[in-house]
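Note sheet for the following structure.
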Amino acid sequence: MFKTFVRRRLEHYVKRYFKKHPQVKLVIVAGSVGKTYTKLAIGTVLSQRYRIRMHEGNHNSDVSAPLAMLGIDFPESLRSIKAWMIVFKAARKRIRDAADVDVVIQEVGSDGVGQVPHFGTYATPDLAVITAVSPEHMHQFKTIGAVAAEELSAANFSKAALINRDDIEGIYAQDITNPNINTYGTTDTAEYHFVVDDQSFENGYSGSFKAPEWEEPVGASIKIVGDHTLRSAVAAGAVGVKLGLTLPEVQKGLKAIRPYKGRMNTLRGVNQSIILDDSYNSSPLAAAAALQTLYQISVPQRIAVFGSMNELGTMSQEAHETLGKMCDPNQLAHVVTVGEEADKYLAPAARSNGCHVVSFKTALDAGAFVHKSLEPGAVILFKGSQDNIYLEEAIKIVLHSTDEEEQLVRQSPEWLELKQKYFAQYY
């Protein structure tokens, strides 16, 4: 009951805030995967002109989202009435004071039916960005159709929306009732898209960004790795155009986008190797995209490390087997799996293709294997989930320097303590 009271009170303050400050724009990011990366990319582009409020983490729960939009920190004690009274006082002050931002960028996530639509009961975004429809929390949603209805509801309660043309099938257009929709992507079927002229692992993408509002495309360079991350950059550029940025501002913003922790971030490994750190989370769509990126890199040795993809429910076997079948022995020296589902389904599928596959229960054992197996100049992809996988700890074993550990995800004292307890049961 107390949590419900807190949530409703915070939602009330969000309503009051945007009513008092109608000039402040609200941009939300929803979708099955890629939300945080897309949100951060949007923040990078919009900051070329605007003052923005954006929490860098994925604070998108029923309590943390309102706090993030209001720019108020979590209280130290979530069960303390006094602490929440201080939060409420800060919220009222935020409403009274002059607006300190021009744009609020908020991630809207869901791990159960109805959570995204609920956001629309207390906030009306000026623009929603929908990144993807793919399997997520399938023990709750059961079907992809239910996932689509959940995520695309954000388009319906927003004033306008941008839909990822590449990662959302057209069949789900039936879930959209808002006519003010545009598409973005990396192909010319999308209204906002990027035409690649050149691409390299070292320098990222160079080419041109096209927007329907502009007569001519703008030349742009984006120093990131992977077509799926390029789509996030295109979304950011599209949001910039929608919110009135000039051509030079969008160009500068796209150039400023960089990889983020645990999301296709490149790190230096031992023995002159390169690490593709995509360890933040894993899903069928993102894992397939990361693997295709690895294949595009010309190096003497490639190693793919996959953690089990969590929360896929009855789709787990099919999803892991599909990823395993994508593993090409002509491209990969080793396929390494961590976790029960990957061992049970992904590993046999990759092995049947002729790949050399090794499976481990923990990320620490996987990291040790990679360390002894990599050749000079190798590239290693680490694609993993959060709960009980923690591939960032495998990455530590092959990092060139411990100084780069700060570039890894889940390195707070709280996370390190949790992971230490988890690994302790095996060693």
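Naming scheme: A, B, ... for chains in displayed order of the structure tokens; residues 1 onward per chain; ligands 1 onward as shown.
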
* Asked: Quick one: DSSP strand (DSSP E or B) residues in range 102-322 of chain A, as a VMD selection string?
  -> chain A and resid 103 to 107 127 to 130 161 to 164 181 to 185 192 to 200 204 to 210 218 to 222 260 263 265 to 269 274 to 278 302 to 307

* **Residue contacts of range 175-184 of chain A (8 Å, only C-alpha atoms) excluding same-chain residues fewer than 4 positions away, as an MDAnalysis selection string** => chainID A and resid 148:149 152:153 155:157 159:166 190:193 231 234:235 238

* Check the smallest atom-to-atom distance from each of A:Gly253, A:Gly120, A:Pro284, A:Gly384 to Thr322 in chain A using only C-alpha atoms, then report the winner. => A:Pro284

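Considering only C-alpha atoms, the residue among A:Thr246, A:Ser273, A:Gln140, A:Thr337 positioned nearest to Val45 in chain A is A:Thr246.
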
* Give the answer as one residue: which of A:Arg7, A:Thr44, A:Lys82, A:Pro117 has the shortest atom-to-atom distance to Leu67 in chain A, using only C-alpha atoms? =>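 Result for the nearest residue to Leu67 in chain A: A:Arg7.
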
Near range 279-282 of chain A, counting only C-alpha atoms, which residues have an atom at most 9 Å away, once you skip same-chain residues fewer than 2 positions from it, shown as an mmCIF file with C-alpha atoms, in the first residue's frame?
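Saved the output as part_24.cif:
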```cif
data_model
loop_
_atom_site.group_PDB
_atom_site.id
_atom_site.type_symbol
_atom_site.label_atom_id
_atom_site.label_comp_id
_atom_site.auth_asym_id
_atom_site.auth_seq_id
_atom_site.Cartn_x
_atom_site.Cartn_y
_atom_site.Cartn_z
ATOM 1 C CA VAL A 33 16.036 -3.812 -26.908
ATOM 2 C CA LYS A 261 29.552 0.789 -21.342
ATOM 3 C CA GLY A 262 28.623 -2.790 -22.139
ATOM 4 C CA ARG A 263 27.019 -1.849 -25.456
ATOM 5 C CA MET A 264 29.350 -2.649 -28.350
ATOM 6 C CA LEU A 276 33.819 -6.095 -28.286
ATOM 7 C CA ASP A 277 32.087 -5.545 -24.970
ATOM 8 C CA PRO A 284 17.928 -12.823 -29.851
ATOM 9 C CA LEU A 285 17.841 -9.685 -32.000
ATOM 10 C CA ALA A 286 20.798 -7.969 -30.347
ATOM 11 C CA ALA A 287 22.918 -11.142 -30.182
ATOM 12 C CA PHE A 306 27.619 -15.992 -25.466
ATOM 13 C CA GLY A 307 25.821 -16.000 -22.164
ATOM 14 C CA SER A 308 22.379 -17.508 -21.816
ATOM 15 C CA MET A 309 19.626 -15.145 -22.928
ATOM 16 C CA ASN A 310 17.333 -14.721 -19.942
ATOM 17 C CA LEU A 381 32.818 -10.643 -28.720
ATOM 18 C CA PHE A 382 31.309 -10.884 -25.246
ATOM 19 C CA LYS A 383 27.508 -10.952 -25.487
ATOM 20 C CA GLY A 384 25.791 -11.646 -22.197
ATOM 21 C CA SER A 385 22.872 -11.066 -19.913
ATOM 22 C CA GLN A 386 22.682 -9.769 -16.394
ATOM 23 C CA TYR A 390 27.959 -11.362 -15.769
ATOM 24 C CA LEU A 391 30.309 -11.617 -18.749
ATOM 25 C CA GLU A 392 31.898 -8.339 -17.692
ATOM 26 C CA ILE A 395 36.283 -9.480 -19.768
ATOM 27 C CA LEU A 408 32.697 -2.210 -17.683
ATOM 28 C CA VAL A 409 29.091 -2.444 -16.548
ATOM 29 C CA ARG A 410 27.920 -3.368 -13.041
#
```

* Report as a ChimeraX atom specification: the residues of range 190-335 of chain A with a DSSP assignment of alpha helix (DSSP H), based on the backbone of this structure. => /A:227-242,247-256,284-295,316-325

For the residues in that selection, give me C-alpha atoms as a CSV table (one decimal), in the first residue's frame.
```csv
chain,number,residue,atom,x,y,z
A,227,ASP,CA,24.5,-1.7,-37.7
A,228,HIS,CA,22.1,-2.0,-34.7
A,229,THR,CA,24.0,0.8,-32.9
A,230,LEU,CA,24.0,2.8,-36.1
A,231,ARG,CA,20.2,2.6,-36.0
A,232,SER,CA,20.2,4.2,-32.5
A,233,ALA,CA,22.3,7.0,-33.9
A,234,VAL,CA,19.8,7.5,-36.8
A,235,ALA,CA,17.0,7.7,-34.2
A,236,ALA,CA,19.0,10.4,-32.4
A,237,GLY,CA,19.4,12.4,-35.6
A,238,ALA,CA,15.7,12.1,-36.4
A,239,VAL,CA,14.8,13.3,-32.9
A,240,GLY,CA,17.1,16.2,-33.4
A,241,VAL,CA,15.5,17.2,-36.7
A,242,LYS,CA,12.0,16.8,-35.1
A,247,LEU,CA,21.8,20.7,-40.1
A,248,PRO,CA,25.2,21.6,-38.6
A,249,GLU,CA,23.9,20.8,-35.0
A,250,VAL,CA,22.7,17.4,-36.1
A,251,GLN,CA,25.9,16.7,-37.9
A,252,LYS,CA,28.0,17.7,-34.9
A,253,GLY,CA,25.7,15.6,-32.6
A,254,LEU,CA,26.1,12.5,-34.7
A,255,LYS,CA,29.8,12.9,-34.7
A,256,ALA,CA,29.9,13.1,-30.9
A,284,PRO,CA,17.9,-12.8,-29.9
A,285,LEU,CA,17.8,-9.7,-32.0
A,286,ALA,CA,20.8,-8.0,-30.3
A,287,ALA,CA,22.9,-11.1,-30.2
A,288,ALA,CA,22.4,-11.9,-33.9
A,289,ALA,CA,23.3,-8.3,-34.8
A,290,ALA,CA,26.5,-8.4,-32.6
A,291,LEU,CA,27.6,-11.6,-34.2
A,292,GLN,CA,27.1,-10.2,-37.7
A,293,THR,CA,29.3,-7.2,-36.7
A,294,LEU,CA,32.0,-9.6,-35.5
A,295,TYR,CA,31.9,-11.4,-38.9
A,316,SER,CA,14.3,-20.0,-25.1
A,317,GLN,CA,15.1,-23.2,-27.0
A,318,GLU,CA,14.3,-21.9,-30.4
A,319,ALA,CA,16.1,-18.6,-29.8
A,320,HIS,CA,19.3,-20.2,-28.5
A,321,GLU,CA,19.3,-22.8,-31.3
A,322,THR,CA,18.8,-20.1,-34.0
A,323,LEU,CA,21.8,-18.1,-32.6
A,324,GLY,CA,23.8,-21.3,-32.5
A,325,LYS,CA,23.0,-22.0,-36.2
```
